[in-house]
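Working notes, beginning with the structure itself.
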Amino acid sequence: AKAVDDVEHSAELFRDTHPAMFMIRYGDPEYIERCLISMQNFEKVWTGITPKGHRHFRSCYLSASKVLDEAPMNVDVPLNARAVLPGLWAAWYSGNPALIRLFSEWANAWVADAARADGGKPAGLLPAAVAFANDGIGEHTGKWHDPGLAYDYYKWESLGHINEMQAQLIGMYGLTGNTSFLKPVDFCYHLMRQAAREELPENAEEGTLDWAKKVLLQGGVDKGAADNPMAGVFAMAGQIGGHSRYNDFIAAHGNPYNKYLVDKDINTIHKGLETVLHSLRYNLPLLTSEVKFTDRVYVPGSDLLFGMYTGHFGAGYEYPSTLVTWKNTGPDIGVFVRQGNSQSATISLYNFGESRTVTMQTWLLEPGVYKLCSGTDTNDDGQIDADRTERTVDLKERVNQVQLQVPAGKLQVITLEQLKAHPKAGPLPDVALSDRDISIENGQLIAKVAQCRQCSSQQC
């Protein structure tokens, strides 16, 4: 944004659009360039080095050219990760070493601050804010959990916003393999397991460890214990890390798709779909033609649909960890990603229309040679019962396109199993041209070159 505003609002126009464009137009240089150019602000405008040697944001009020460094806004907050999310996707795409280094410095700072017990904060928890001038926790209010800002969502009990930083740290773990970035989420997990076995005081003093335990177990002020935002954090860490460490909590408190990935019970999916259908049956006009808000429409439980369609743990924007996306499915193709990881996948498809060819784009599957099997599933158990075909596909890139023939009126199962892995590729080159940058004028080929980020020149 050009105007200085709190990060929730100044970052949302860019943050809420460009990760989605990575998925819609994968590899389009325009969106990659925009993200990388925006992240120049991270080093040069938004952040600096504190007296403790930590990289932190100078403020939680910022724009593309400056920050507001007056108290109480002159603090780094977990929600500042909103401004950085497009850069996290760009770092995932290209492996840009400078960006990963800068983000690692910031992540290391928050991990170190979580380990501190300053300002009355229990050691292990992310603070609600860190003062840039002196690394102080609870600097302006004396409360580690309340930075005294204009909006309540900066308070620690607004877990959905605190978890923006958890997601950034988990994403950095995915990019670097640095397990120290998981320390804050692991601490919350063990604290919640401990708290579930205890009888906590009914009126725990605000800011104490018992109070923090209750906030975590109850899901904070964002949602309830039955839809705990921490379950989404654990599902993200588990999927990106490829382990089942948090499955007990996900099974108890996760969204229906993540629960299904743990229990493999199709009834879990059915119950989740009933929640979505109940909302649509009751309020269809208010969710379609008569929406009250022009920038959002909330359908309870709709994350389940994205999970079934892509195999992703959340709403899709958090981190590029979808198993697959699709082209040419239209409204007639039903998709259910039953399971998958970096080496295998099982997906069900049902075509309500005429036979067609659809494109499956693989994301989470590592480059390699795969055996692809397809056929008819007669009893909806995810197994091929008839018309079995096999072929070998070579997934050479991070995201690959695979053509599938989907017959009409039959439940199809697609399975992929890795036969041979390809060597891991290094950072991608900085692609600066797209088809929209090239034109012919007076018989001459004209190429519009983006400004080089290394030397600020247009001659490179």
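Each chain in the structure tokens gets a letter, A, B and so on, in the order shown; residues start at 1 in every chain, and ligands are counted from 1 in the order they appear.
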
Item to complete: Using DSSP on the backbone coordinates, identify all residues within stretch 302-437 of chain A classified as strand (DSSP E); present the result as number ranges by chain.
Response: A: 324-327, 333-340, 344-351, 356-362, 368-376, 386-395, 400-406, 411-421

Discussion item. Let's see if you can do this: from backbone DSSP, list all alpha helix (DSSP H) residues in stretch 266-387 of chain A, as an NGL selection string.
Written reply: :A and (266-287 or 303-310)

Item to complete: Extract, using only C-alpha atoms, all DNA, RNA and protein residues at most 7 Å from A:Ala91, discarding same-chain residues fewer than 5 positions from it, and format them as number ranges by chain.
Response: A: 96, 99-100

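For A:His54, the set of protein, DNA and RNA residues having any atom at most 9 Å away, when counting only C-alpha atoms and skipping those fewer than 5 positions along the same chain, is A:Gly48, A:Ile49, A:Glu105, A:Trp106, A:Asn108, A:Ala109, A:Trp110, A:Ala112, A:Asp135.
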
Can you pull out every residue within 8 Å of A:Asn134, counting only C-alpha atoms, but drop anything in the same chain fewer than 4 positions away, and send it as a short mmCIF file (atom, residue, chain, number, x, y, z; two decimals) with N, CA, C and O atoms, in the first residue's frame?
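Contents of out-v1.cif, as written:
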```cif
data_model
loop_
_atom_site.label_atom_id
_atom_site.label_comp_id
_atom_site.auth_asym_id
_atom_site.auth_seq_id
_atom_site.Cartn_x
_atom_site.Cartn_y
_atom_site.Cartn_z
N THR A 50 18.41 -4.92 15.80
CA THR A 50 18.17 -4.39 17.14
C THR A 50 19.46 -4.45 17.97
O THR A 50 20.45 -5.05 17.56
N PRO A 51 19.45 -3.86 19.19
CA PRO A 51 20.63 -3.94 20.05
C PRO A 51 21.07 -5.37 20.37
O PRO A 51 22.25 -5.62 20.61
N LYS A 52 20.12 -6.34 20.37
CA LYS A 52 20.50 -7.73 20.62
C LYS A 52 21.05 -8.41 19.37
O LYS A 52 21.40 -9.58 19.41
#
```

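Taking only C-alpha atoms, the non-local environment of stretch 398-406 of chain A within 6 Å (same-chain residues fewer than 6 positions away omitted) comprises Ser355, Arg356, Thr357, Val358, Thr359, Met360, Gln361, Thr362 and Trp363 of chain A.
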
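The interatomic distance for the pair atom CA of A:Phe306 and atom CA of A:Val337 works out to 9.8 Å.
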
Fill in: Of the listed residues A:Pro184, A:Asn351, A:Val262, A:Val369, that which approaches A:Arg116 most closely, counting only C-alpha atoms
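So, comparing all the options, the nearest one is A:Pro184.
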
Item to complete: Write out as a list of chain:residue names each polymer residue whose atoms come within 7 Å of A:Ala11, counting only C-alpha atoms; drop sequence neighbours fewer than 3 positions from it.
Response: A:Ala1, A:Val7, A:Glu8, A:Phe14, A:Arg15, A:Arg82, A:Ala83

Residues from last step as file, C-alpha atoms, as a PDB file, in the first residue's frame:
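Heads up, here's the output in result14.pdb:
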```
ATOM      1  CA  ALA A   1       0.000   0.000   0.000  1.00  0.00           C
ATOM      2  CA  VAL A   7      -0.016  -4.221   8.734  1.00  0.00           C
ATOM      3  CA  GLU A   8      -3.355  -6.033   8.771  1.00  0.00           C
ATOM      4  CA  PHE A  14      -0.829  -7.640  -1.968  1.00  0.00           C
ATOM      5  CA  ARG A  15      -0.786 -10.528   0.477  1.00  0.00           C
ATOM      6  CA  ARG A  82       1.241 -10.882   6.514  1.00  0.00           C
ATOM      7  CA  ALA A  83       3.464  -8.410   4.678  1.00  0.00           C
TER       8      ALA A  83
END
```
